[in-house]
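Working notes, structure below.
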Amino acid sequence: MNIAILPGDGIGPEIVAEAVKVLKALGLRFEMETAPVGGAAYEAAGHPLPESTLRLARAADAILFGAVGDWKYDKLERALRPEQAILGLRKALGLFANFRPAICYEQLTHASSLKPELVAGLDILIVRELTGDIYFGQPRGRRSAPDGAFAGSEEAFDTMRYTRPEIERIARVAFDAARQRHKRVTSVDKANVLETFQFWKDVVSDVHKDYPDVQLEHMYVDNAAMQLVKEPKKFDVIVTGNMFGDILSDEASMLTGSIGMLPSASLNEKKQGLYEPSHGSAPDIAGKGVANPLATILSAAMMLRFSLNQPEAADRIEAAVKTVLAQGLRTPDIHSEGTTRVGTTQMGDAVVNALR
Ligand code: IPM
Ligand code: MG
């Protein structure tokens with residue numbers, strides 16, 4: 001089991017260190033090699049995704065990724081910004097299937113900005129397509145507007161596009177996932193306006209014919225954004241494109257009140273995967289030892305389950321996380337009255353102890 005460790009920027013190195021500690025405590029044999037990515041790689045090698053880091057990632061069974069980005073790189077040209085590392089890895093490894101669970105942990109129900117009864121027991125899985133859509137569609141760029149009321153003015157443009165096979169494979173991923181859950185899929189589109197998403201809706205309906213046991217519903221993205229805060233528990237699996245999935249997954253994660261708790265997985269056809277917390281690099285708290293490592297630790301659990309074929313080890317980590325929450329240990333982001341405030345390493349140590 002070969003794991004590439006890419007800690008990245010901001011709190012990335014701190015939280016990844018805790019997840020590595022937890023992996024090492026499992027008593028399994030892993031080969032782990034670390035490489036810089038994002039702003040850290042730009043500093044070290046002049047590029048956010050150096051060739052050596054990409055080579056390590058390609059050769060690994062799984063990648064444990066921290067986070068990338070810092071405001072100080074905002075002025076760099078786009079190709080050198082830290083975010084290009086994650087986009088580059090997704091594209092280069094074909095990581096088209098992004099799983100973003102939004103789970104409301106029992107002890108953290110009150111941390112949500114929604115009423116506790118709306119989120120208690122919430123368990124949604126967002127399946128986001130990750131290598132297509134307007135994120136990667138060509139052509140894109142800046143030019144002089146060729147037509148329209150402002151012809152001749154400076155303009156910028158991107159291209160939203162999806163091919164049938166890209167939609168089919170992500171739809172299958174979502175239907176398969178639903179079979180392991182409550183057998184309901186909501187496909188989110190904007191078919192009332194966009195050609196790309198009328199096509200999306202048609203293709204998802206075609207694939208659904210192979211899954212008569214799964215219930216499929218179509219929903220426009222604006223309505224989905226609203227339903228997520230109105231009645232989030234009515235969702236089971238949400239499947240959508242890259243752009244809408246980016247937005248809805250942030251919205252869904254915050255319903256749980258604990259973005260510091262949510263893992264994610266991005267898989268390709270070979271089940272090689274990149275595992276990262278759903279939150280970002282949080283440069284404002286970097287180096288202070290207060291970041292919540294649980295999302296990264298839970299990402300390591302997803303890695304064991306999806307890419308390394310170690311479901312029992314994954315269960316053990318998830319159980320250990322529940323134990324530390326039950327013990328009342330909380331990093332500042334999830335802290336509330338009557339619980340014990342701990343730092344990043346103390347939280348990691350507590351998970352290691354709970355494993356034993
Ligand atoms: C995410 C992030 C990325 C995205 C950025 C950092 C490129 O927001 O993983 O959701 O837009 O996909
Ligand atoms: Mg995002």
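Every chain in the structure tokens takes a letter, A first, then B, and so on in the order presented; its residues are numbered from 1, and the ligands are numbered from 1 following the presented order.
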Determine which residues of stretch 120-262 of chain A DSSP labels as helix (DSSP H, G or I) from the backbone of this structure, then write them out as an MDAnalysis selection string. chainID A and resid 133:135 164:179 195:208 221:230 232:234 242:255 259:261
Could you tell me, counting only C-alpha atoms and all ligand atoms, which protein and nucleic acid residues lie no more than 8 Å from ligand 1, written as a PDB file with N, CA, C and O atoms, in the first residue's frame?
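Everything below was put into out.pdb:
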```
ATOM      1  N   VAL A  68      -4.434  23.437  -0.172  1.00  0.00           N
ATOM      2  CA  VAL A  68      -3.522  24.390  -0.817  1.00  0.00           C
ATOM      3  C   VAL A  68      -4.155  25.772  -0.860  1.00  0.00           C
ATOM      4  O   VAL A  68      -5.375  25.913  -0.826  1.00  0.00           O
ATOM      5  N   GLY A  69      -3.306  26.770  -0.931  1.00  0.00           N
ATOM      6  CA  GLY A  69      -3.773  28.143  -1.116  1.00  0.00           C
ATOM      7  C   GLY A  69      -3.373  29.063   0.009  1.00  0.00           C
ATOM      8  O   GLY A  69      -3.249  28.658   1.163  1.00  0.00           O
ATOM      9  N   GLU A  83      -4.031  26.650  -6.334  1.00  0.00           N
ATOM     10  CA  GLU A  83      -5.226  25.882  -6.731  1.00  0.00           C
ATOM     11  C   GLU A  83      -4.975  25.027  -7.971  1.00  0.00           C
ATOM     12  O   GLU A  83      -5.636  24.013  -8.185  1.00  0.00           O
ATOM     13  N   GLN A  84      -4.013  25.460  -8.793  1.00  0.00           N
ATOM     14  CA  GLN A  84      -3.728  24.701 -10.015  1.00  0.00           C
ATOM     15  C   GLN A  84      -3.187  23.313  -9.689  1.00  0.00           C
ATOM     16  O   GLN A  84      -3.273  22.398 -10.504  1.00  0.00           O
ATOM     17  N   ILE A  86      -4.310  21.240  -7.347  1.00  0.00           N
ATOM     18  CA  ILE A  86      -5.412  20.291  -7.148  1.00  0.00           C
ATOM     19  C   ILE A  86      -6.150  20.060  -8.468  1.00  0.00           C
ATOM     20  O   ILE A  86      -6.500  18.927  -8.814  1.00  0.00           O
ATOM     21  N   LEU A  87      -6.324  21.123  -9.245  1.00  0.00           N
ATOM     22  CA  LEU A  87      -6.978  20.959 -10.550  1.00  0.00           C
ATOM     23  C   LEU A  87      -6.115  20.086 -11.463  1.00  0.00           C
ATOM     24  O   LEU A  87      -6.626  19.211 -12.169  1.00  0.00           O
ATOM     25  N   LEU A 130     -15.902  15.786 -11.464  1.00  0.00           N
ATOM     26  CA  LEU A 130     -14.760  16.605 -11.085  1.00  0.00           C
ATOM     27  C   LEU A 130     -13.762  16.924 -12.204  1.00  0.00           C
ATOM     28  O   LEU A 130     -12.802  17.650 -11.971  1.00  0.00           O
ATOM     29  N   ASN A 242     -19.558  19.681 -12.105  1.00  0.00           N
ATOM     30  CA  ASN A 242     -18.405  20.216 -11.386  1.00  0.00           C
ATOM     31  C   ASN A 242     -18.713  21.564 -10.720  1.00  0.00           C
ATOM     32  O   ASN A 242     -18.475  21.749  -9.516  1.00  0.00           O
ATOM     33  N   MET A 243     -19.278  22.487 -11.484  1.00  0.00           N
ATOM     34  CA  MET A 243     -19.521  23.834 -10.957  1.00  0.00           C
ATOM     35  C   MET A 243     -20.600  23.832  -9.873  1.00  0.00           C
ATOM     36  O   MET A 243     -20.402  24.348  -8.774  1.00  0.00           O
ATOM     37  N   GLY A 245     -21.633  21.366  -8.177  1.00  0.00           N
ATOM     38  CA  GLY A 245     -21.179  20.535  -7.065  1.00  0.00           C
ATOM     39  C   GLY A 245     -20.231  21.283  -6.146  1.00  0.00           C
ATOM     40  O   GLY A 245     -20.214  21.062  -4.933  1.00  0.00           O
ATOM     41  N   ASP A 246     -19.436  22.159  -6.720  1.00  0.00           N
ATOM     42  CA  ASP A 246     -18.529  22.978  -5.907  1.00  0.00           C
ATOM     43  C   ASP A 246     -19.349  23.815  -4.926  1.00  0.00           C
ATOM     44  O   ASP A 246     -19.072  23.849  -3.721  1.00  0.00           O
ATOM     45  N   ILE A 247     -20.381  24.447  -5.448  1.00  0.00           N
ATOM     46  CA  ILE A 247     -21.181  25.373  -4.628  1.00  0.00           C
ATOM     47  C   ILE A 247     -22.051  24.605  -3.622  1.00  0.00           C
ATOM     48  O   ILE A 247     -22.053  24.898  -2.423  1.00  0.00           O
ATOM     49  N   SER A 249     -21.738  21.645  -2.437  1.00  0.00           N
ATOM     50  CA  SER A 249     -21.035  20.875  -1.403  1.00  0.00           C
ATOM     51  C   SER A 249     -20.554  21.778  -0.269  1.00  0.00           C
ATOM     52  O   SER A 249     -20.536  21.356   0.888  1.00  0.00           O
ATOM     53  N   ASP A 250     -20.181  23.009  -0.568  1.00  0.00           N
ATOM     54  CA  ASP A 250     -19.848  23.932   0.523  1.00  0.00           C
ATOM     55  C   ASP A 250     -21.098  24.238   1.348  1.00  0.00           C
ATOM     56  O   ASP A 250     -21.057  24.274   2.580  1.00  0.00           O
ATOM     57  N   SER A 278     -12.663  18.410   3.388  1.00  0.00           N
ATOM     58  CA  SER A 278     -13.504  19.284   2.556  1.00  0.00           C
ATOM     59  C   SER A 278     -13.181  20.757   2.764  1.00  0.00           C
ATOM     60  O   SER A 278     -13.540  21.585   1.942  1.00  0.00           O
ATOM     61  N   GLY A 280     -10.603  24.165   3.509  1.00  0.00           N
ATOM     62  CA  GLY A 280      -9.423  24.697   2.824  1.00  0.00           C
ATOM     63  C   GLY A 280      -8.204  24.817   3.717  1.00  0.00           C
ATOM     64  O   GLY A 280      -8.110  24.145   4.766  1.00  0.00           O
TER      65      GLY A 280
END
```
Determine, using only C-alpha atoms, which residues of stretch 205-270 of chain A have any atom at most 10 Å from an atom of stretch 316-340 of chain A, and tabulate each with its shortest atom pair and distance in Å to one decimal place, rows ordered by chain and then rising number, as CSV.
```
residue,atom,partner,partner_atom,distance
A:Gly257,CA,A:Ile334,CA,7.9
A:Ser258,CA,A:Ile334,CA,6.4
A:Ile259,CA,A:Asp333,CA,8.7
A:Gly260,CA,A:Asp333,CA,7.1
A:Met261,CA,A:Ile334,CA,8.9
```
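Residue nearest ligand 2, chosen from A:Arg100, A:Arg164, A:Arg179, A:Lys75 and counting only C-alpha atoms and all ligand atoms: A:Arg100.
The residue that comes closest to A:Thr256, out of A:Ile167, A:Ala59, A:Leu114, A:Leu194 and on the basis of only C-alpha atoms, is A:Leu114.
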From atom CA of A:Ile3 to atom CA of A:Met32 the spacing works out at 4.9 Å
Expected answer as JSON, numbers by chain: strand (DSSP E or B) residues in stretch 13-208 of chain A: {"A": [31, 32, 33, 34, 62, 63, 64, 65, 66, 67, 97, 98, 99, 100, 101, 102, 103, 123, 124, 125, 126, 127, 128, 129, 141, 142, 143, 144, 154, 155, 156, 157, 184, 185, 186, 187, 188, 189]}
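When only C-alpha atoms and all ligand atoms are used to measure the gap to ligand 2, the shortest distance among A:Gly46, A:Pro146, A:Pro13, A:Pro277 belongs to A:Pro277.
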